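Below is one structure, written out as structure tokens, with a few remarks after it.
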Amino acid sequence: MSLLGWRQWAVDGDGLLRPAWTPWSPFPTGLLLWRPDGLTEACCLRTETGRQAPHERTPADDCVCGLYAWRSSALLAAARRPRWTRYPCVVGVARLGGRVIIAERGYRAERGYPVAVFDPRGRVSPRYPVARYRRWSALVAEWDDQGDQPPPHRTHSKH
């Protein structure tokens with residue numbers, strides 16, 4: 001089983017998707033790349049930099065690690081624009097799986113991959129096998145199925 005989550009991505013100069021809310025300049029860029037050729041695995045930047053002991057699994061309950069996504073397009077639309085990045089941003093849908101921590105407004109997942117993007121300017125690399133939309137309303141109409149989402153309380157799901 002997997003979940004759909006809504007997120008913002010920064011698009012780098014090569015059209016690759018990066019976390020829009022994470023300042024990645026002190027970290028190796030490979031750690032913070034949403035892979036165009038398969039699953040993206042979450043890593044804990046605190047453990048990678050030695051600031052925290054390694055977790056048994058990511059995301060950990062007592063940490064902020066994981067691949068983040070909102071539960072709905074409405075929550076994404078109401079979110080602030082990312083301030084950490086100078087790159088242009090796109091929004092879209094990611095399929096999330098593995099260990100998923102479910103919160104009231106969103107998710108933190110162990111792994112995921114983008115499945116659809118709102119990319120009206122065509123900035124996302126063609127290497128990503130995703131559905132591409134030039135209109136937000138078309139993306140929402142096709143992908144925002146609230147019946148597919150778990151109830152809005154904190155639970156843990158292993159997929």
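Chain identifiers are assigned as A, B, and so on, following the order in which chains appear in the structure tokens; residues are numbered from 1 within each chain, and ligands are numbered from 1 in order of appearance.
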Output as a tab-separated table one row per residue of range 105-138 of chain A within 12 Å of range 72-82 of chain A: the closest atom pair and its distance in Å to one decimal place, counting only C-alpha atoms, sorted by chain and residue number ascending.
```
residue	atom	partner	partner_atom	distance
A:Arg105	CA	A:Leu75	CA	7.2
A:Gly106	CA	A:Ser72	CA	8.0
A:Tyr107	CA	A:Ser72	CA	10.5
A:Val117	CA	A:Ser73	CA	11.9
A:Phe118	CA	A:Ser73	CA	11.5
A:Trp136	CA	A:Ser73	CA	9.6
A:Ser137	CA	A:Ser73	CA	10.1
A:Ala138	CA	A:Ser73	CA	11.8
```
Export N, CA and C atoms of the chosen residues as a PDB file, in the first residue's frame?
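See selection_15.pdb below for the written result:
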```
ATOM      1  N   ARG A 105      -1.835  17.251   9.102  1.00  0.00           N
ATOM      2  CA  ARG A 105      -1.816  17.950   7.806  1.00  0.00           C
ATOM      3  C   ARG A 105      -0.931  17.293   6.757  1.00  0.00           C
ATOM      4  N   GLY A 106      -0.163  16.277   7.146  1.00  0.00           N
ATOM      5  CA  GLY A 106       0.733  15.716   6.158  1.00  0.00           C
ATOM      6  C   GLY A 106       1.406  14.436   6.585  1.00  0.00           C
ATOM      7  N   TYR A 107       2.439  14.095   5.836  1.00  0.00           N
ATOM      8  CA  TYR A 107       3.151  12.836   6.005  1.00  0.00           C
ATOM      9  C   TYR A 107       4.656  13.060   6.052  1.00  0.00           C
ATOM     10  N   VAL A 117       3.264  16.607 -11.841  1.00  0.00           N
ATOM     11  CA  VAL A 117       3.720  17.957 -11.508  1.00  0.00           C
ATOM     12  C   VAL A 117       2.912  19.003 -12.271  1.00  0.00           C
ATOM     13  N   PHE A 118       2.696  20.117 -11.587  1.00  0.00           N
ATOM     14  CA  PHE A 118       2.153  21.321 -12.210  1.00  0.00           C
ATOM     15  C   PHE A 118       3.375  22.112 -12.645  1.00  0.00           C
ATOM     16  N   TRP A 136      -3.298  24.023 -12.948  1.00  0.00           N
ATOM     17  CA  TRP A 136      -3.461  23.505 -11.587  1.00  0.00           C
ATOM     18  C   TRP A 136      -4.767  22.751 -11.451  1.00  0.00           C
ATOM     19  N   SER A 137      -5.844  23.302 -12.007  1.00  0.00           N
ATOM     20  CA  SER A 137      -7.162  22.672 -11.871  1.00  0.00           C
ATOM     21  C   SER A 137      -7.179  21.275 -12.489  1.00  0.00           C
ATOM     22  N   ALA A 138      -6.457  21.055 -13.570  1.00  0.00           N
ATOM     23  CA  ALA A 138      -6.406  19.731 -14.192  1.00  0.00           C
ATOM     24  C   ALA A 138      -5.653  18.737 -13.305  1.00  0.00           C
TER      25      ALA A 138
END
```
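From CA of Ile102 in chain A back to CA of Tyr133 in chain A, the distance works out to 27.2 Å.
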#### Entry: Surrounding residues of Ala69 in chain A excluding itself and chain neighbours under 3 positions, 12 Å, only C-alpha atoms, as a ChimeraX atom specification
/A:3-9,19-21,66,72-73,75-76,79,91-97,100-114
Deliver the residues from the most recent selection as a file, using N, CA and C atoms, as an mmCIF file, in the first residue's frame.
```
data_model
loop_
_atom_site.group_PDB
_atom_site.id
_atom_site.type_symbol
_atom_site.label_atom_id
_atom_site.label_comp_id
_atom_site.auth_asym_id
_atom_site.auth_seq_id
_atom_site.Cartn_x
_atom_site.Cartn_y
_atom_site.Cartn_z
ATOM 1 N N LEU A 3 0.638 5.886 -0.279
ATOM 2 C CA LEU A 3 -0.188 7.080 -0.135
ATOM 3 C C LEU A 3 0.233 8.114 -1.162
ATOM 4 N N LEU A 4 -0.690 8.983 -1.511
ATOM 5 C CA LEU A 4 -0.357 10.132 -2.343
ATOM 6 C C LEU A 4 -0.227 11.355 -1.449
ATOM 7 N N GLY A 5 0.833 12.116 -1.654
ATOM 8 C CA GLY A 5 1.040 13.351 -0.913
ATOM 9 C C GLY A 5 1.330 14.490 -1.879
ATOM 10 N N TRP A 6 1.030 15.685 -1.461
ATOM 11 C CA TRP A 6 1.218 16.892 -2.272
ATOM 12 C C TRP A 6 2.421 17.650 -1.765
ATOM 13 N N ARG A 7 3.305 18.103 -2.690
ATOM 14 C CA ARG A 7 4.516 18.780 -2.245
ATOM 15 C C ARG A 7 4.998 19.855 -3.194
ATOM 16 N N GLN A 8 5.966 20.597 -2.676
ATOM 17 C CA GLN A 8 6.669 21.618 -3.453
ATOM 18 C C GLN A 8 8.073 21.094 -3.709
ATOM 19 N N TRP A 9 8.575 21.333 -4.911
ATOM 20 C CA TRP A 9 9.954 20.989 -5.233
ATOM 21 C C TRP A 9 10.637 22.215 -5.816
ATOM 22 N N PRO A 19 14.348 19.254 -2.668
ATOM 23 C CA PRO A 19 13.423 19.731 -1.639
ATOM 24 C C PRO A 19 13.393 21.261 -1.618
ATOM 25 N N ALA A 20 12.226 21.827 -1.684
ATOM 26 C CA ALA A 20 12.101 23.286 -1.716
ATOM 27 C C ALA A 20 12.333 23.914 -0.349
ATOM 28 N N TRP A 21 12.170 23.146 0.717
ATOM 29 C CA TRP A 21 12.263 23.702 2.065
ATOM 30 C C TRP A 21 13.549 23.345 2.792
ATOM 31 N N GLY A 66 12.687 12.484 6.972
ATOM 32 C CA GLY A 66 11.695 11.849 6.117
ATOM 33 C C GLY A 66 11.376 12.704 4.907
ATOM 34 N N SER A 72 -3.359 17.043 1.201
ATOM 35 C CA SER A 72 -4.309 17.422 0.152
ATOM 36 C C SER A 72 -3.785 18.600 -0.655
ATOM 37 N N SER A 73 -4.385 18.790 -1.811
ATOM 38 C CA SER A 73 -4.021 19.939 -2.645
ATOM 39 C C SER A 73 -4.415 21.245 -1.963
ATOM 40 N N LEU A 75 -4.303 21.937 1.272
ATOM 41 C CA LEU A 75 -3.254 22.274 2.236
ATOM 42 C C LEU A 75 -2.000 22.777 1.527
ATOM 43 N N LEU A 76 -1.664 22.158 0.416
ATOM 44 C CA LEU A 76 -0.519 22.625 -0.357
ATOM 45 C C LEU A 76 -0.759 24.035 -0.883
ATOM 46 N N ALA A 79 -0.197 26.674 1.654
ATOM 47 C CA ALA A 79 1.145 26.732 2.244
ATOM 48 C C ALA A 79 1.909 27.949 1.735
ATOM 49 N N VAL A 91 4.968 22.372 -8.045
ATOM 50 C CA VAL A 91 4.216 21.597 -7.063
ATOM 51 C C VAL A 91 3.675 20.357 -7.756
ATOM 52 N N GLY A 92 3.309 19.376 -6.951
ATOM 53 C CA GLY A 92 2.778 18.165 -7.551
ATOM 54 C C GLY A 92 2.481 17.098 -6.529
ATOM 55 N N VAL A 93 2.425 15.871 -7.030
ATOM 56 C CA VAL A 93 2.009 14.715 -6.252
ATOM 57 C C VAL A 93 3.148 13.705 -6.216
ATOM 58 N N ALA A 94 3.385 13.153 -5.021
ATOM 59 C CA ALA A 94 4.368 12.090 -4.859
ATOM 60 C C ALA A 94 3.677 10.863 -4.282
ATOM 61 N N ARG A 95 4.084 9.692 -4.750
ATOM 62 C CA ARG A 95 3.624 8.443 -4.154
ATOM 63 C C ARG A 95 4.614 8.108 -3.051
ATOM 64 N N LEU A 96 4.095 7.872 -1.845
ATOM 65 C CA LEU A 96 4.908 7.651 -0.651
ATOM 66 C C LEU A 96 4.704 6.238 -0.134
ATOM 67 N N GLY A 97 5.761 5.640 0.397
ATOM 68 C CA GLY A 97 5.645 4.288 0.926
ATOM 69 C C GLY A 97 6.718 4.004 1.949
ATOM 70 N N VAL A 100 5.669 5.301 7.014
ATOM 71 C CA VAL A 100 5.040 6.607 6.848
ATOM 72 C C VAL A 100 4.485 7.056 8.191
ATOM 73 N N ILE A 101 4.872 8.235 8.603
ATOM 74 C CA ILE A 101 4.314 8.836 9.806
ATOM 75 C C ILE A 101 3.236 9.803 9.352
ATOM 76 N N ILE A 102 2.024 9.576 9.832
ATOM 77 C CA ILE A 102 0.866 10.349 9.403
ATOM 78 C C ILE A 102 0.535 11.383 10.471
ATOM 79 N N ALA A 103 0.456 12.628 10.053
ATOM 80 C CA ALA A 103 0.109 13.721 10.957
ATOM 81 C C ALA A 103 -1.200 14.362 10.488
ATOM 82 N N GLU A 104 -1.646 15.355 11.208
ATOM 83 C CA GLU A 104 -2.922 15.995 10.890
ATOM 84 C C GLU A 104 -2.941 16.610 9.495
ATOM 85 N N ARG A 105 -1.835 17.251 9.102
ATOM 86 C CA ARG A 105 -1.816 17.950 7.806
ATOM 87 C C ARG A 105 -0.931 17.293 6.757
ATOM 88 N N GLY A 106 -0.163 16.277 7.146
ATOM 89 C CA GLY A 106 0.733 15.716 6.158
ATOM 90 C C GLY A 106 1.406 14.436 6.585
ATOM 91 N N TYR A 107 2.439 14.095 5.836
ATOM 92 C CA TYR A 107 3.151 12.836 6.005
ATOM 93 C C TYR A 107 4.656 13.060 6.052
ATOM 94 N N ARG A 108 5.356 12.108 6.683
ATOM 95 C CA ARG A 108 6.800 11.947 6.548
ATOM 96 C C ARG A 108 7.007 10.493 6.156
ATOM 97 N N ALA A 109 7.687 10.274 5.041
ATOM 98 C CA ALA A 109 7.797 8.920 4.510
ATOM 99 C C ALA A 109 9.241 8.472 4.365
ATOM 100 N N GLU A 110 9.408 7.166 4.322
ATOM 101 C CA GLU A 110 10.713 6.543 4.125
ATOM 102 C C GLU A 110 11.159 6.618 2.667
ATOM 103 N N ARG A 111 10.216 6.470 1.756
ATOM 104 C CA ARG A 111 10.565 6.525 0.328
ATOM 105 C C ARG A 111 9.412 7.095 -0.475
ATOM 106 N N GLY A 112 9.740 7.535 -1.672
ATOM 107 C CA GLY A 112 8.710 8.083 -2.540
ATOM 108 C C GLY A 112 9.256 8.412 -3.913
ATOM 109 N N TYR A 113 8.339 8.770 -4.795
ATOM 110 C CA TYR A 113 8.721 9.233 -6.123
ATOM 111 C C TYR A 113 7.626 10.152 -6.653
ATOM 112 N N PRO A 114 8.016 11.142 -7.451
ATOM 113 C CA PRO A 114 7.017 12.051 -8.017
ATOM 114 C C PRO A 114 6.197 11.336 -9.089
#
```
What parts of range 10-106 of chain A does DSSP call strand (DSSP E or B)? I'd like the answer as a list of chain:residue names.
A:Ala10, A:Val11, A:Leu17, A:Arg18, A:Pro19, A:Trp34, A:Thr40, A:Glu41, A:Leu67, A:Tyr68, A:Ala69, A:Trp70, A:Cys89, A:Val90, A:Val91, A:Gly92, A:Val93, A:Ala94, A:Arg95, A:Leu96, A:Gly97, A:Gly98, A:Arg99, A:Val100, A:Ile101, A:Ile102, A:Gly106
Spatial neighbours of range 14-17 of chain A, max dist 8 Å, only C-alpha atoms, sep filter under 5 positions, as a PDB file with all heavy atoms, in the first residue's frame:
```
ATOM      1  N   TRP A   9       8.575  21.333  -4.911  1.00  0.00           N
ATOM      2  CA  TRP A   9       9.954  20.989  -5.233  1.00  0.00           C
ATOM      3  C   TRP A   9      10.637  22.215  -5.816  1.00  0.00           C
ATOM      4  O   TRP A   9      10.023  22.988  -6.555  1.00  0.00           O
ATOM      5  CB  TRP A   9      10.032  19.902  -6.295  1.00  0.00           C
ATOM      6  CG  TRP A   9       9.691  18.518  -5.865  1.00  0.00           C
ATOM      7  CD1 TRP A   9      10.486  17.657  -5.167  1.00  0.00           C
ATOM      8  CD2 TRP A   9       8.486  17.797  -6.144  1.00  0.00           C
ATOM      9  NE1 TRP A   9       9.840  16.455  -4.985  1.00  0.00           N
ATOM     10  CE2 TRP A   9       8.616  16.517  -5.585  1.00  0.00           C
ATOM     11  CE3 TRP A   9       7.296  18.122  -6.814  1.00  0.00           C
ATOM     12  CZ2 TRP A   9       7.617  15.555  -5.669  1.00  0.00           C
ATOM     13  CZ3 TRP A   9       6.312  17.167  -6.894  1.00  0.00           C
ATOM     14  CH2 TRP A   9       6.469  15.901  -6.324  1.00  0.00           C
ATOM     15  N   LEU A  33      18.204  14.751  -3.611  1.00  0.00           N
ATOM     16  CA  LEU A  33      17.694  14.711  -4.972  1.00  0.00           C
ATOM     17  C   LEU A  33      16.520  13.746  -5.035  1.00  0.00           C
ATOM     18  O   LEU A  33      16.622  12.611  -4.560  1.00  0.00           O
ATOM     19  CB  LEU A  33      18.800  14.232  -5.925  1.00  0.00           C
ATOM     20  CG  LEU A  33      18.372  13.895  -7.340  1.00  0.00           C
ATOM     21  CD1 LEU A  33      17.952  15.173  -8.072  1.00  0.00           C
ATOM     22  CD2 LEU A  33      19.503  13.205  -8.082  1.00  0.00           C
ATOM     23  N   TRP A  34      15.403  14.206  -5.594  1.00  0.00           N
ATOM     24  CA  TRP A  34      14.308  13.288  -5.902  1.00  0.00           C
ATOM     25  C   TRP A  34      14.703  12.633  -7.213  1.00  0.00           C
ATOM     26  O   TRP A  34      14.747  13.277  -8.260  1.00  0.00           O
ATOM     27  CB  TRP A  34      12.985  14.039  -6.003  1.00  0.00           C
ATOM     28  CG  TRP A  34      12.398  14.311  -4.647  1.00  0.00           C
ATOM     29  CD1 TRP A  34      12.824  15.226  -3.747  1.00  0.00           C
ATOM     30  CD2 TRP A  34      11.301  13.635  -4.052  1.00  0.00           C
ATOM     31  NE1 TRP A  34      12.062  15.169  -2.622  1.00  0.00           N
ATOM     32  CE2 TRP A  34      11.105  14.202  -2.781  1.00  0.00           C
ATOM     33  CE3 TRP A  34      10.458  12.613  -4.468  1.00  0.00           C
ATOM     34  CZ2 TRP A  34      10.101  13.771  -1.924  1.00  0.00           C
ATOM     35  CZ3 TRP A  34       9.454  12.188  -3.629  1.00  0.00           C
ATOM     36  CH2 TRP A  34       9.281  12.765  -2.360  1.00  0.00           C
ATOM     37  N   ARG A  35      15.027  11.365  -7.146  1.00  0.00           N
ATOM     38  CA  ARG A  35      15.606  10.658  -8.283  1.00  0.00           C
ATOM     39  C   ARG A  35      14.640  10.575  -9.465  1.00  0.00           C
ATOM     40  O   ARG A  35      13.491  10.216  -9.291  1.00  0.00           O
ATOM     41  CB  ARG A  35      16.005   9.259  -7.858  1.00  0.00           C
ATOM     42  CG  ARG A  35      17.067   9.224  -6.781  1.00  0.00           C
ATOM     43  CD  ARG A  35      17.230   7.817  -6.266  1.00  0.00           C
ATOM     44  NE  ARG A  35      17.409   6.891  -7.367  1.00  0.00           N
ATOM     45  CZ  ARG A  35      18.557   6.319  -7.686  1.00  0.00           C
ATOM     46  NH1 ARG A  35      19.618   6.564  -6.975  1.00  0.00           N
ATOM     47  NH2 ARG A  35      18.626   5.488  -8.699  1.00  0.00           N
ATOM     48  N   PRO A  36      15.149  10.842 -10.671  1.00  0.00           N
ATOM     49  CA  PRO A  36      14.306  10.690 -11.848  1.00  0.00           C
ATOM     50  C   PRO A  36      14.220   9.239 -12.322  1.00  0.00           C
ATOM     51  O   PRO A  36      13.380   8.906 -13.145  1.00  0.00           O
ATOM     52  CB  PRO A  36      15.003  11.560 -12.899  1.00  0.00           C
ATOM     53  CG  PRO A  36      16.415  11.619 -12.481  1.00  0.00           C
ATOM     54  CD  PRO A  36      16.414  11.503 -10.975  1.00  0.00           C
ATOM     55  N   ARG A 123       9.851  23.278 -16.812  1.00  0.00           N
ATOM     56  CA  ARG A 123      11.179  23.307 -16.193  1.00  0.00           C
ATOM     57  C   ARG A 123      11.675  21.933 -15.728  1.00  0.00           C
ATOM     58  O   ARG A 123      12.868  21.724 -15.602  1.00  0.00           O
ATOM     59  CB  ARG A 123      11.174  24.252 -15.000  1.00  0.00           C
ATOM     60  CG  ARG A 123      11.032  25.690 -15.409  1.00  0.00           C
ATOM     61  CD  ARG A 123      11.137  26.613 -14.228  1.00  0.00           C
ATOM     62  NE  ARG A 123      11.353  27.971 -14.665  1.00  0.00           N
ATOM     63  CZ  ARG A 123      10.722  29.011 -14.170  1.00  0.00           C
ATOM     64  NH1 ARG A 123       9.847  28.846 -13.198  1.00  0.00           N
ATOM     65  NH2 ARG A 123      10.979  30.216 -14.628  1.00  0.00           N
ATOM     66  N   VAL A 124      10.765  21.023 -15.464  1.00  0.00           N
ATOM     67  CA  VAL A 124      11.153  19.712 -14.939  1.00  0.00           C
ATOM     68  C   VAL A 124      11.744  18.858 -16.067  1.00  0.00           C
ATOM     69  O   VAL A 124      11.193  18.778 -17.157  1.00  0.00           O
ATOM     70  CB  VAL A 124       9.949  19.003 -14.285  1.00  0.00           C
ATOM     71  CG1 VAL A 124      10.317  17.605 -13.807  1.00  0.00           C
ATOM     72  CG2 VAL A 124       9.402  19.841 -13.139  1.00  0.00           C
ATOM     73  N   SER A 125      12.863  18.214 -15.766  1.00  0.00           N
ATOM     74  CA  SER A 125      13.562  17.392 -16.745  1.00  0.00           C
ATOM     75  C   SER A 125      12.661  16.311 -17.335  1.00  0.00           C
ATOM     76  O   SER A 125      11.883  15.680 -16.605  1.00  0.00           O
ATOM     77  CB  SER A 125      14.775  16.723 -16.087  1.00  0.00           C
ATOM     78  OG  SER A 125      15.338  15.758 -16.931  1.00  0.00           O
TER      79      SER A 125
END
```
List the spatial neighbours of Asp37 in chain A as a PyMOL selection string - criterion: any atom at most 10 Å away, only C-alpha atoms, same-chain residues fewer than 6 positions off excluded. chain A and resi 113+127-129
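Nearest residue to Arg99 in chain A, choosing from A:Ala116, A:Pro126, A:Leu139, A:Ala42 and counting only C-alpha atoms: A:Ala42.
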